[in-house]
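Structure, as structure tokens:
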Amino acid sequence: MIRRAYIRKVEDRLERLEGDIDHLLKRMATPVGDLGDRIDREIRGLRSKAEVVRERIHAIDAAGASNWGRLKYAVEEGLKELGQAVDEAVARFRKTGSGDR
């Protein structure tokens, strides 16, 4: 797969996950107290993970032609971890009755 196509593919996956994060936040009722703090921390953590993946994608874009293939693993793992974290957050918020996907 050529680099440009790969970057488009992983950026699309990242944008979908970021959309899931935004959707999760929008679906939350106006939580207060400890639940509100927990949700804020959770969303900040998810966005932080997304930013790390975005930086890894930019590293691929900036890498030399012979080096970018070695960076793909970090992007794939980051997307996988972010996806799992989003799914876990959705499940936790569903259990509290605070969110829906």
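Ligands are numbered from 1 in the order shown, chains are lettered A, B, ... in the order of the structure tokens, and residues start at 1 in each chain.
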Identify, on the basis of only C-alpha atoms, every residue whose closest approach to range 2-16 of chain A does not exceed 8 Å; exclude the query and any residue fewer than 4 positions from it along the same chain; express the result as a PyMOL selection string. chain A and resi 20+50+53-54+57+60-61+68+75+79
As an NGL selection string, please: the residues near range 35-46 of chain A (cut-off 8 Å, only C-alpha atoms, same-chain neighbours under 6 positions excluded). :A and (21 or 25 or 82 or 85-86 or 89)
Save the residues we just selected, C-alpha atoms, as a compact mmCIF listing (two decimals), in the first residue's frame?
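In the end it all went to selection-v4.txt:
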```txt
# COMPACT_ATOMS: atom_id res chain seq x y z
CA ILE A 21 -15.78 10.15 21.39
CA LEU A 25 -19.86 13.14 25.18
CA LEU A 82 -8.06 3.77 21.19
CA ALA A 85 -10.78 2.37 25.15
CA VAL A 86 -13.77 3.98 23.42
CA ALA A 89 -15.95 3.87 28.00
```
Computed interatomic separation between CA of Gly64 in chain A and CA of Leu17 in chain A (Å):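 According to the coordinates, CA of Gly64 in chain A and CA of Leu17 in chain A are separated by 27.5 Å.
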Mind listing the helix (DSSP H, G or I) residues of chain A, per DSSP on the backbone, as a VMD selection string? chain A and resid 3 to 27 33 to 62 68 to 96
Report, in Å with one decimal, the straight-line distance from CA of Glu81 in chain A to CA of Lys49 in chain A. 8.4 Å
Please, what distance in Å, to one decimal, runs between CA of Ala63 in chain A and CA of Ser48 in chain A?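 Interatomic distance here is 22.6 Å.
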